[in-house]
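Q: Dropping the structure in here first, questions after.
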Number of protein chains: 6
Amino acid sequence: MTIDINTKTDFPGSSAANWELDRIVQELRSARNDWRNQRGRSREPGLRELPSRDALQNIIRDLCGALFPMRLGPQELREETEDYYVGHTLDAALNELLQQVQLELSYAARQQGSVVSEATQKHQAQQIVRLFASALPGLRRILDVDIQAAFQGDPAARSVDEVLLCYPGVLAIIHHRLAHSLYKLGVPLLARIVAELAHSLTGIDIHPGADIGSGFFIDHGTGVVIGETAVIGERVRIYQAVTLGAKTFPAEENGALKKGLPRHPIVEDDVVIYAGATVLGRITIGKGSTIGGNVWLTRSVPSGSSITQASSRNLFPQEAPV
Amino acid sequence: MTIDINTKTDFPGSSAANWELDRIVQELRSARNDWRNQRGRSREPGLRELPSRDALQNIIRDLCGALFPMRLGPQELREETEDYYVGHTLDAALNELLQQVQLELSYAARQQGSVVSEATQKHQAQQIVRLFASALPGLRRILDVDIQAAFQGDPAARSVDEVLLCYPGVLAIIHHRLAHSLYKLGVPLLARIVAELAHSLTGIDIHPGADIGSGFFIDHGTGVVIGETAVIGERVRIYQAVTLGAKTFPAEENGALKKGLPRHPIVEDDVVIYAGATVLGRITIGKGSTIGGNVWLTRSVPSGSSITQASSRNLFPQEAPV
Amino acid sequence: MTIDINTKTDFPGSSAANWELDRIVQELRSARNDWRNQRGRSREPGLRELPSRDALQNIIRDLCGALFPMRLGPQELREETEDYYVGHTLDAALNELLQQVQLELSYAARQQGSVVSEATQKHQAQQIVRLFASALPGLRRILDVDIQAAFQGDPAARSVDEVLLCYPGVLAIIHHRLAHSLYKLGVPLLARIVAELAHSLTGIDIHPGADIGSGFFIDHGTGVVIGETAVIGERVRIYQAVTLGAKTFPAEENGALKKGLPRHPIVEDDVVIYAGATVLGRITIGKGSTIGGNVWLTRSVPSGSSITQASSRNLFPQEAPV
Amino acid sequence: MTIDINTKTDFPGSSAANWELDRIVQELRSARNDWRNQRGRSREPGLRELPSRDALQNIIRDLCGALFPMRLGPQELREETEDYYVGHTLDAALNELLQQVQLELSYAARQQGSVVSEATQKHQAQQIVRLFASALPGLRRILDVDIQAAFQGDPAARSVDEVLLCYPGVLAIIHHRLAHSLYKLGVPLLARIVAELAHSLTGIDIHPGADIGSGFFIDHGTGVVIGETAVIGERVRIYQAVTLGAKTFPAEENGALKKGLPRHPIVEDDVVIYAGATVLGRITIGKGSTIGGNVWLTRSVPSGSSITQASSRNLFPQEAPV
Amino acid sequence: MTIDINTKTDFPGSSAANWELDRIVQELRSARNDWRNQRGRSREPGLRELPSRDALQNIIRDLCGALFPMRLGPQELREETEDYYVGHTLDAALNELLQQVQLELSYAARQQGSVVSEATQKHQAQQIVRLFASALPGLRRILDVDIQAAFQGDPAARSVDEVLLCYPGVLAIIHHRLAHSLYKLGVPLLARIVAELAHSLTGIDIHPGADIGSGFFIDHGTGVVIGETAVIGERVRIYQAVTLGAKTFPAEENGALKKGLPRHPIVEDDVVIYAGATVLGRITIGKGSTIGGNVWLTRSVPSGSSITQASSRNLFPQEAPV
Amino acid sequence: MTIDINTKTDFPGSSAANWELDRIVQELRSARNDWRNQRGRSREPGLRELPSRDALQNIIRDLCGALFPMRLGPQELREETEDYYVGHTLDAALNELLQQVQLELSYAARQQGSVVSEATQKHQAQQIVRLFASALPGLRRILDVDIQAAFQGDPAARSVDEVLLCYPGVLAIIHHRLAHSLYKLGVPLLARIVAELAHSLTGIDIHPGADIGSGFFIDHGTGVVIGETAVIGERVRIYQAVTLGAKTFPAEENGALKKGLPRHPIVEDDVVIYAGATVLGRITIGKGSTIGGNVWLTRSVPSGSSITQASSRNLFPQEAPV
């Protein structure tokens with residue numbers, strides 16, 4: 001595209017700009033219509049029925065406050081009246097979440113062309129939020145173990161409070177445990193949005209499907225990627241830029257990929273994986289192993305292994321992804 | 001610096017703090033003046049004449065809404081009245097953009113010491129925004145192809161809507177296509193600010209000068225860097241931490257670097273580049289090639305190549321940057 | 001967990017949801033109490049006494065405006081009245097900072113079980129803020145050198161203003177110099193929060209303890225990690241995904257790590273470190289050296305070295321982390 | 001109540017305040033329960049189902065913008081794109097109004113103990129908003145006549161725009177015409193809230209039931225009261241502190257007052273009523289009459305009358321309220 | 001002042017404005033200093049120590065929500081979780097109030113030149129807020145009677161909820177009962193600010209010192225003035241523009257007025273006072289009396305009186321204020 | 001209008017509402033066009049060029065802070081740094097005011113069909129704001145006298161600070177003195193908007209043209225009206241609901257009223273006017289006079305007069321307005 005921005009155009013005697021807005025609005029409509037037609041979308045008038053990133057951001061902020069009132073709640077909160085704050089904030093967050101769950105359920109129904117009565121959908125949404133709410137106290141207990149692990153895992157950490165307030169890895173695991181709970185309850189889109197909120201804040205990208213044991217700690221964190229079917233044991237510690245990914249997406253017979261097949265690593269208890277290591281495929285890293293920085297690993301290793309760049313070159317000289 | 005914070009200082013009978021503000025304000029002024037004198041900046045009273053990051057954030061948010069009203073517009077929007085929303089939002093965004101374009105043009109003129117009449121500058125700004133606006137419908141059509149590619153490229157994706165709502169790679173490409181349009185229209189500073197907004201949100205750093213074909217998809221994305229003169233074909237897919245960079249900045253005769261010389265890779269159609277690969281210099285990756293994870297590549301490869309860490313060590317044993 | 005979200009539950013004749021909020025609030029309280037008991041926390045009613053991330057975000061935003069009024073201050077500011085803006089904004093920021101410093105000091109005292117009179121604590125806090133304020137003009141002069149270095153270090157940069165407005169590396173170094181000043185004055189928690197604000201915005205993770213000379217420039221930046229005891233000379237330039245880390249945390253006799261031991265690299269003047277390089281341990285990179293992309297380095301190199309992946313493999317064939 | 005604020009109370013060793021919050025919350029609940037029991041309110045859990053003053057404030061602000069886009073719409077609006085603004089703003093306002101109408105209808109149904117299906121209620125609400133929307137263009141035309149009358153009625157007025165921007169009487173009549181439209185469509189509670197918004201802003205208290213012809217102008221306005229069944233003709237002008245009230249509320253047989261009986265004045269075309277005049281009861285002020293300042297009037301006067309304090313004392317020497 | 005706005009003044013070659021800000025700032029300082037010197041104000045550096053209108057506005061809004069959660073609380077509140085909302089909101093409001101009370105106490109101490117230890121002052125403030133909080137449930141019960149009276153007193157009222165939501169008279173009495181409570185507890189400045197918030201919203205001006213029985217109702221209300229020492233019995237009803245004022249402020253011997261002397265009317269139970277009536281001086285209106293519209297009354301009337309303009313002229317022909 | 005809201009209308013198989021928005025937008029456009037055609041308004045595209053009430057509200061708030069920094073400025077301001085706050089706030093307010101002045105000047109030029117170059121208009125606007133700014137210190141000194149008068153005039157006032165913080169009469173006179181300054185400088189529309197802001201907050205309606213001496217105090221204030229050509233001396237005190245109005249607007253020969261003719265009262269020094277008094281026409285109330293409550297006065301009275309309802313009935317038995 002060559003543009004001559006000095007060409008005189010006709011703004012007849014007017015100081016105001018003229019964007020030919022009508023034309024552009026019309027062309028944008030055409031583009032939308034073409035896209036909708038391609039995708040077979042009906043044109044019935046209706047509200048936008050997609051969950052909202054902003055709404056989930058508020059919900060998560062409130063849930064963080066309800067889970068850790070004296071540390072992530074409002075500045076002026078006093079311990080003697082915590083329960084009022086927790087109850088009120090939780091109620092608001094759950095009601096707001098109920099709306100978002102309904103949006104996802106009705107979106108999913110439309111996507112699948114299934115017919116579900118509004119009452120049934122509402123009932124399902126209430127059930128989901130109810131179960132989600134019930135799980136929160138247990139989730140808080142697990143997070144306490146995670147925070148304790150972060151505190152012990154970093155020699156620079158001065159207190160558990162500092163860890164909760166500052167560490168992106170802790171922020172990421174709080175988001176993940178909430179997102180994973182939503183994922184298991186059947187609202188994967190909400191779960192994904194929550195995961196992406198954490199990703200944007202911390203550079204840590206954990207798929208909400210990943211199954212992670214307690215006492216999990218990520219240090220620094222930027223560039224970490226953990227895939228949907230990864231399974232991580234207790235007391236695992238990983239560093240920045242570690243990938244727990246799928247090895248390859250080979251073309252299958254009909255060209256399509258079966259969804260949900262286990263394709264990410266299993267990391268057993270007490271494993272440490274240093275920065276930049278890449279672990280790919282449905283392999284198992286045995287209990288208590290240590291994976292060195294920048295190691296490239298696509299085969300299982302037994303319990304107690306200690307893998308370095310040098311040792312991995314010796315062990316798997318031919319190894320290479322796709 | 002040794003600091004004895006227990007030394008008694010004189011707050012004579014007052015509970016209020018005393019920052020010696022006058023002295024500090026004076027010293028800050030000296031520092032500013034020294035800097036301005038060094039740079040030969042005139043001291044004429046004038047408004048701050050630099051574009052605003054906050055303003056561009058609002059503009060981009062509105063343009064996203066105007067491009068995808070039912071998915072990125074306001075929650076309560078209904079399809080039957082989309083056009084009112086699109087027209088009104090677009091008008092507001094373009095007027096705001098006009099101001100930012102004027103700020104950049106007058107800033108650039110001052111930088112170059114060139115004398116341009118205010119009327120001419122205003123006319124240029126209007127032309128730029130007009131051309132930018134005209135390009136939006138086409139840009140929406142290309143983005144539809146990108147979104148479709150993202151949906152097909154990730155086996156975990158459930159719908160195109162999820163992709164648009166959640167994927168950082170999609171967020172990054174929307175920002176890039178808007179930034180690239182501004183870049184080509186002669187407002188590189190605005191373009192750069194838009195690119196950095198995406199970088200901050202997603203960890204994906206695409207220079208607005210990069211030329212990228214349709215159907216482009218970045219998965220996960222954190223740590224991706226794409227340089228100013230990179231050229232990317234159709235249907236290319238890349239993963240997190242991929243670098244398409246310049247190989248080296250050798251000292252030229254007079255020590256200065258010629259600006260704008262092609263120095264980043266050309267990636268032809270249908271190429272896939274896996275996570276962590278580093279591709280440097282004005283080399284060409286032939287059509288349909290696959291570059292494996294963590295590969296370090298500084299030489300061109302023909303169409304249909306499949307490069308892995310192992311194969312690259314064999315092909316280019318001496319290869320090293322700088 | 002198997003969930004049957006279709007199971008009928010008893011919402012007796014009511015359309016409203018029922019979260020059994022009382023039970024959940026009670027269980028959350030139990031979880032908090034258990035945690036507090038484990039940690040020996042007294043139960044005396046008291047305000048949340050932890051610094052606030054939001055407060056520090058506002059303070060930093062104001063300090064940026066006071067340091068660079070015509071470029072990071074309010075859009076409508078005029079040069080002739082800068083000092084009023086600087087004085088007023090600085091005063092507000094310092095008063096707000098005073099509160100945050102008091103929160104950290106009283107938190108630290110409680111953590112250590114030490115008894116400090118409120119008056120002494122207030123006096124200490126005032127001293128800290130006073131010294132912090134005094135250092136700002138000098139800090140501005142150093143930042144001017146950093147910005148100049150960024151401008152010269154990137155062939156794509158058009159002006160120092162663009163660099164200040166757009167470059168994440170510049171944003172990170174501004175945050176770091178403020179955070180480092182707080183760190184040295186004895187408020188490491190505030191320092192850490194400031195560092196994490198930069199980390200979230202830029203993907204650049206610099207520990208506030210790191211000691212960095214003037215003229216420092218980070219390009220692109222996502223994934224950079226710089227450790228607490230790193231020492232960096234003048235005019236150093238580094239690229240994205242560079243790590244200046246600790247080599248290893250070997251188990252000591254009693255299993256605990258001595259805090260604050262020098263364990264991160266010393267980088268001498270005029271060194272350049274390219275993207276993805278990993279430099280680990282208390283080693284020294286000699287003056288004027290160049291470290292190539294993706295190099296893995298755990299031994300000192302003399303002045304003027306030029307290390308590439310190939311050369312490092314030859315030099316340190318056995319090298320591996322952990 | 002004698003209060004000794006110096007009495008020592010027991011805050012055992014704590015600097016924090018202690019409001020005995022649990023007791024007060026409990027007592028407030030008792031008070032609410034007593035009130036609800038007295039009024040026979042069921043205790044079923046349910047959302048607050050009352051319209052919201054804040055919501056109506058936003059709706060009115062948007063409707064004002066849609067009615068007078070270039071004068072009460074956003075500052076940056078341009079005439080060529082008015083319709084986009086009008087359409088988008090109107091749509092948002094009407095959707096929000098729909099919610100408020102539903103709240104009133106369901107509230108009214110509960111008050112009356114009537115059973116209406118949700119679908120029927122929704123349909124009624126849509127009908128009401130649809131009719132309200134249809135009436136807006138006619139309403140704008142009448143308001144133009146009102147504004148013209150205000151301009152002509154005040155020798156100090158410089159332009160119709162000034163009148164629209166500044167005059168509380170104009171603000172009041174805009175609110176009234178919208179409120180009256182809601183009143184006639186069967187949502188008197190919403191109508192009343194709109195009327196009270198105007199009352200609070202202007203000190204002018206017009207019951208939404210009042211029937212007012214075009215070209216109506218209130219000057220200054222503070223203290224004006226116009227009752228529910230008042231009927232006002234064309235081109236009437238009134239000044240501050242004028243009351244068009246009910247004469248008396250005599251005790252009827254069963255002690256109750258029949259609602260809706262005509263009990264306020266009829267003011268015919270072209271009447272002027274000066275400041276502080278009190279006109280009470282279902283009397284008629286004949287066409288073209290002038291009622292002087294502070295006049296007290298409880299009997300009808302023929303067309304063309306000119307009533308002053310002196311003349312009224314002569315005409316109706318025995319006249320007195322109650 | 002004659003101003004020739006066409007006179008050319010010197011903006012030397014600059015498009016920017018020049019307010020000679022330094023001079024004006026200096027002159028404003030002189031004016032402040034002169035004023036402070038006149039009033040003998042010391043110049044010690046100190047914070048502004050006056051209560052804040054904005055803070056009290058928030059406190060009142062929260063107290064209204066805590067008193068009437070389902071009607072003045074947040075839209076989405078549900079009855080089953082009211083107590084959490086009430087407790088949390090009340091706690092926040094009382095803490096905020098505590099700060100404002102401390103500001104008034106320390107302001108009052110400075111005004112009187114009295115020396116009170118900070119600890120004593122803090123203790124007093126806590127006592128005041130504690131007693132204020134304790135009185136809230138009783139206050140709610142009285143307000144329920146007021147609301148009931150408003151509902152019964154206006155034939156146009158449809159429900160107690162409408163009355164609470166819409167009636168300025170009800171808004172004013174809620175503010176008054178809170179303000180009166182503060183007044184009696186020794187913080188008259190806070191009380192006055194609360195009274196003025198109501199005055200600004202409703203045009204009803206009740207001095208916080210006025211002592212008002214339950215079942216009080218003001219209809220319409222604009223222009224009502226009730227003085228500091230007025231005493232009003234049970235079930236009194238008054239209309240707009242009624243004044244219960246002091247008759248006169250005669251010059252006393254030394255020219256000063258004794259503060260707090262009873263100088264406003266006593267209105268006994270079951271009195272009705274119609275619009276515009278003026279009742280002045282420490283007179284008594286006997287139980288069950290009716291005072292007609294615009295009546296001017298400066299003498300006591302016995303129980304059961306019915307006073308009209310005509311009758312008052314006959315009864316008190318010489319009566320006149322001042 | 002008879003409305004059957006139960007009539008079935010056609011929402012064909014859709015749950016969404018349908019406002020026939022296109023039709024209504026079209027009809028609103030017709031109404032606007034008719035109005036514009038009637039008024040001979042050109043249709044050239046242009047920005048809304050009317051001053052903004054919101055902008056003036058912000059300007060006044062900032063000017064109040066700059067005039068009384070320690071009492072109306074920000075809560076956390078300290079006396080030692082007042083000047084920074086005053087300078088910065090004033091600069092922002094004056095720049096914002098400059099824009100509003102330009103809007104009024106260009107609006108006025110368009111209204112009068114006069115042709116003024118943009119540069120001339122800009123210059124005029126700068127002159128106006130410059131003169132306005134210059135007058136602020138003097139204005140502060142006069143306001144100090146007003147505040148002192150308020151403090152002395154009300155036996156219930158405890159301090160000058162309370163008076164400044166709480167009294168609507170003081171709020172009104174601050175607004176008036178600013179508005180009057182704008183009025184005299186040739187921007188009557190801005191002046192009027194400022195006056196109406198005060199009117200809405202306080203119920204006190206002072207035309208910005210009124211000329212008012214120092215030491216002026218209005219007590220309570222609701223319902224006060226002071227006309228454009230009123231002249232008020234030093235140390236005058238008035239009470240609520242006092243009118244200083246025009247006596248009558250008799251039809252002149254050509255039916256039009258000459259603008260700006262003196263038509264409101266002259267009130268000499270040291271006059272007191274009690275509540276509800278009505279003073280009409282270009283009469284003079286002599287120095288030191290007292291006008292009693294509810295007096296109706298349309299003839300001049302000599303110095304030292306004391307007028308009551310009774311005496312006025314004797315003095316002017318025939319007196320009546322209109």
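Simple scheme: letters A, B, ... for chains in structure tokens order, numbers from 1 for residues in each chain, numbers from 1 for ligands in the order shown.
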Please provide the set of residues having any atom within 9 Å of Asp270 in chain D, restricted to only C-alpha atoms, with same-chain residues fewer than 3 positions apart removed, written as a list of chain:residue names.
A: D:Gly233, D:Glu234, D:Arg235, D:Val236, D:Arg237, D:Val267, D:Lys287, D:Gly288, D:Ser289, D:Thr290
Q: Return the neighbours of chain D among the residues of chain E, cut-off 6 Å, counting only C-alpha atoms, as a list in words.
A: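 Going by the stated atoms only, the list reads Met70, Leu77, Arg78, Glu79, Glu80, Gly87, Gln124, Gln127, Arg130, Pro137, Cys166, Leu201, Thr202, Thr222, Gly292, Thr308 and Gln309 of chain E.
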Q: For CA of Val271 in chain D and CA of Val242 in chain E, quote the distance in Å rounded to one decimal.
A: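 Pair CA of Val271 in chain D / CA of Val242 in chain E returns 26.9 Å.
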Q: Pick out the closest residue to Pro262 in chain A from this set: B:Leu67, B:Asp54, B:Glu76, B:Ala156. Count only C-alpha atoms.
A: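 Comparing B:Leu67, B:Asp54, B:Glu76, B:Ala156 against Pro262 in chain A, the winner is B:Ala156.
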Q: Leaving out Asp144 in chain A and any residue of its chain fewer than 2 positions from it, which residues lie within 12 Å of it when counting only C-alpha atoms, given as number ranges by chain?
A: A: 67-68, 137-142, 146-151, 160-161, 163-164, 170, 173-174, 214-217; C: 31-36, 38-39
Q: For the residues in that selection, give me N, CA and C atoms as an mmCIF file, in the first residue's frame.
A:
```cif
data_model
loop_
_atom_site.group_PDB
_atom_site.id
_atom_site.type_symbol
_atom_site.label_atom_id
_atom_site.label_comp_id
_atom_site.auth_asym_id
_atom_site.auth_seq_id
_atom_site.Cartn_x
_atom_site.Cartn_y
_atom_site.Cartn_z
ATOM 1 N N LEU A 67 -10.967 -15.470 50.790
ATOM 2 C CA LEU A 67 -10.082 -16.559 51.211
ATOM 3 C C LEU A 67 -9.013 -16.066 52.189
ATOM 4 N N PHE A 68 -8.486 -14.873 51.940
ATOM 5 C CA PHE A 68 -7.401 -14.340 52.783
ATOM 6 C C PHE A 68 -7.773 -12.934 53.245
ATOM 7 N N PRO A 137 -13.440 -23.748 51.360
ATOM 8 C CA PRO A 137 -12.628 -23.920 52.570
ATOM 9 C C PRO A 137 -11.492 -24.927 52.377
ATOM 10 N N GLY A 138 -11.770 -26.039 51.687
ATOM 11 C CA GLY A 138 -10.705 -27.004 51.427
ATOM 12 C C GLY A 138 -9.605 -26.390 50.569
ATOM 13 N N LEU A 139 -10.020 -25.626 49.609
ATOM 14 C CA LEU A 139 -9.073 -24.970 48.721
ATOM 15 C C LEU A 139 -8.169 -24.005 49.489
ATOM 16 N N ARG A 140 -8.752 -23.314 50.472
ATOM 17 C CA ARG A 140 -7.937 -22.420 51.286
ATOM 18 C C ARG A 140 -6.853 -23.206 52.031
ATOM 19 N N ARG A 141 -7.222 -24.396 52.527
ATOM 20 C CA ARG A 141 -6.236 -25.205 53.260
ATOM 21 C C ARG A 141 -5.092 -25.659 52.345
ATOM 22 N N ILE A 142 -5.433 -26.009 51.126
ATOM 23 C CA ILE A 142 -4.376 -26.412 50.189
ATOM 24 C C ILE A 142 -3.478 -25.225 49.853
ATOM 25 N N ASP A 146 0.610 -24.501 49.864
ATOM 26 C CA ASP A 146 1.370 -23.917 48.748
ATOM 27 C C ASP A 146 2.199 -22.725 49.224
ATOM 28 N N ILE A 147 1.573 -21.864 50.009
ATOM 29 C CA ILE A 147 2.256 -20.654 50.468
ATOM 30 C C ILE A 147 3.431 -21.034 51.367
ATOM 31 N N GLN A 148 3.189 -22.009 52.225
ATOM 32 C CA GLN A 148 4.251 -22.498 53.096
ATOM 33 C C GLN A 148 5.416 -23.039 52.249
ATOM 34 N N ALA A 149 5.092 -23.735 51.189
ATOM 35 C CA ALA A 149 6.128 -24.282 50.305
ATOM 36 C C ALA A 149 6.905 -23.161 49.624
ATOM 37 N N ALA A 150 6.205 -22.114 49.211
ATOM 38 C CA ALA A 150 6.877 -20.982 48.566
ATOM 39 C C ALA A 150 7.830 -20.323 49.550
ATOM 40 N N PHE A 151 7.367 -20.190 50.771
ATOM 41 C CA PHE A 151 8.199 -19.557 51.792
ATOM 42 C C PHE A 151 9.466 -20.374 52.041
ATOM 43 N N VAL A 160 5.648 -15.613 55.335
ATOM 44 C CA VAL A 160 4.562 -16.124 54.495
ATOM 45 C C VAL A 160 3.695 -14.993 53.970
ATOM 46 N N ASP A 161 3.620 -13.905 54.715
ATOM 47 C CA ASP A 161 2.802 -12.791 54.241
ATOM 48 C C ASP A 161 3.417 -12.137 53.009
ATOM 49 N N VAL A 163 5.264 -13.578 50.866
ATOM 50 C CA VAL A 163 5.060 -14.525 49.773
ATOM 51 C C VAL A 163 3.668 -14.359 49.166
ATOM 52 N N LEU A 164 2.669 -14.247 50.026
ATOM 53 C CA LEU A 164 1.296 -14.118 49.536
ATOM 54 C C LEU A 164 1.093 -12.778 48.833
ATOM 55 N N VAL A 170 2.640 -17.511 43.494
ATOM 56 C CA VAL A 170 1.529 -17.731 44.421
ATOM 57 C C VAL A 170 0.233 -17.192 43.820
ATOM 58 N N ILE A 173 -0.953 -19.753 41.365
ATOM 59 C CA ILE A 173 -1.543 -20.995 41.875
ATOM 60 C C ILE A 173 -2.917 -20.729 42.507
ATOM 61 N N ILE A 174 -3.111 -19.561 43.099
ATOM 62 C CA ILE A 174 -4.459 -19.225 43.590
ATOM 63 C C ILE A 174 -5.435 -19.219 42.409
ATOM 64 N N SER A 214 -0.657 -30.483 46.277
ATOM 65 C CA SER A 214 -0.426 -29.368 47.194
ATOM 66 C C SER A 214 1.067 -29.116 47.371
ATOM 67 N N GLY A 215 1.407 -27.975 47.945
ATOM 68 C CA GLY A 215 2.804 -27.624 48.165
ATOM 69 C C GLY A 215 3.540 -27.308 46.883
ATOM 70 N N PHE A 216 2.797 -26.813 45.892
ATOM 71 C CA PHE A 216 3.382 -26.522 44.572
ATOM 72 C C PHE A 216 3.941 -25.104 44.573
ATOM 73 N N PHE A 217 5.152 -24.932 44.045
ATOM 74 C CA PHE A 217 5.753 -23.602 44.031
ATOM 75 C C PHE A 217 6.470 -23.320 42.708
ATOM 76 N N ALA C 31 -10.511 -22.745 58.885
ATOM 77 C CA ALA C 31 -9.243 -22.862 58.146
ATOM 78 C C ALA C 31 -8.283 -21.746 58.561
ATOM 79 N N ARG C 32 -8.818 -20.530 58.678
ATOM 80 C CA ARG C 32 -7.952 -19.418 59.091
ATOM 81 C C ARG C 32 -7.413 -19.646 60.497
ATOM 82 N N ASN C 33 -8.294 -20.117 61.390
ATOM 83 C CA ASN C 33 -7.857 -20.323 62.771
ATOM 84 C C ASN C 33 -6.781 -21.391 62.851
ATOM 85 N N ASP C 34 -6.977 -22.472 62.121
ATOM 86 C CA ASP C 34 -5.970 -23.535 62.142
ATOM 87 C C ASP C 34 -4.629 -22.985 61.680
ATOM 88 N N TRP C 35 -4.668 -22.227 60.631
ATOM 89 C CA TRP C 35 -3.424 -21.676 60.089
ATOM 90 C C TRP C 35 -2.776 -20.739 61.115
ATOM 91 N N ARG C 36 -3.619 -19.888 61.731
ATOM 92 C CA ARG C 36 -3.071 -18.950 62.698
ATOM 93 C C ARG C 36 -2.505 -19.675 63.921
ATOM 94 N N GLN C 38 -1.300 -22.755 63.978
ATOM 95 C CA GLN C 38 -0.030 -23.355 63.557
ATOM 96 C C GLN C 38 1.114 -22.358 63.609
ATOM 97 N N ARG C 39 0.827 -21.160 63.209
ATOM 98 C CA ARG C 39 1.882 -20.157 63.105
ATOM 99 C C ARG C 39 2.011 -19.342 64.386
#
```
Q: Write down as a PyMOL selection string the residues belonging to range 54-229 of chain E that are assigned helix (DSSP H, G or I) by DSSP computed on the backbone.
A: chain E and resi 54-67+69-72+79-112+118-153+160-166+168-184+188-202
Q: Excluding Val129 in chain A and residues on its chain fewer than 3 positions from it, collect all residues at most 9 Å away from it, counting only C-alpha atoms, and give them as an NGL selection string.
A: (:A and (94-95 or 97-98 or 101 or 124-126 or 132-134 or 182 or 185)) or (:C and (19))
Q: Among the residues of range 58-301 of chain F, find those DSSP assigns to strand (DSSP E or B) from the backbone and print them as a PyMOL selection string.
A: chain F and resi 78+205-206+211-212+217-219+225-226+231-232+237-239+243-245+266-267+272-273+278-280+284-285+290-291+296-297+301
Q: In Å, rounded to a single decimal, give me how far CA of Leu56 in chain E is from CA of Ser181 in chain E.
A: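 Pair CA of Ser181 in chain E / CA of Leu56 in chain E returns 14.2 Å.
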Q: Could you state the separation of CA of Glu162 in chain C and CA of Leu103 in chain B in Å, given to one decimal place?
A: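 One can read the CA of Glu162 in chain C to CA of Leu103 in chain B distance as 12.8 Å.
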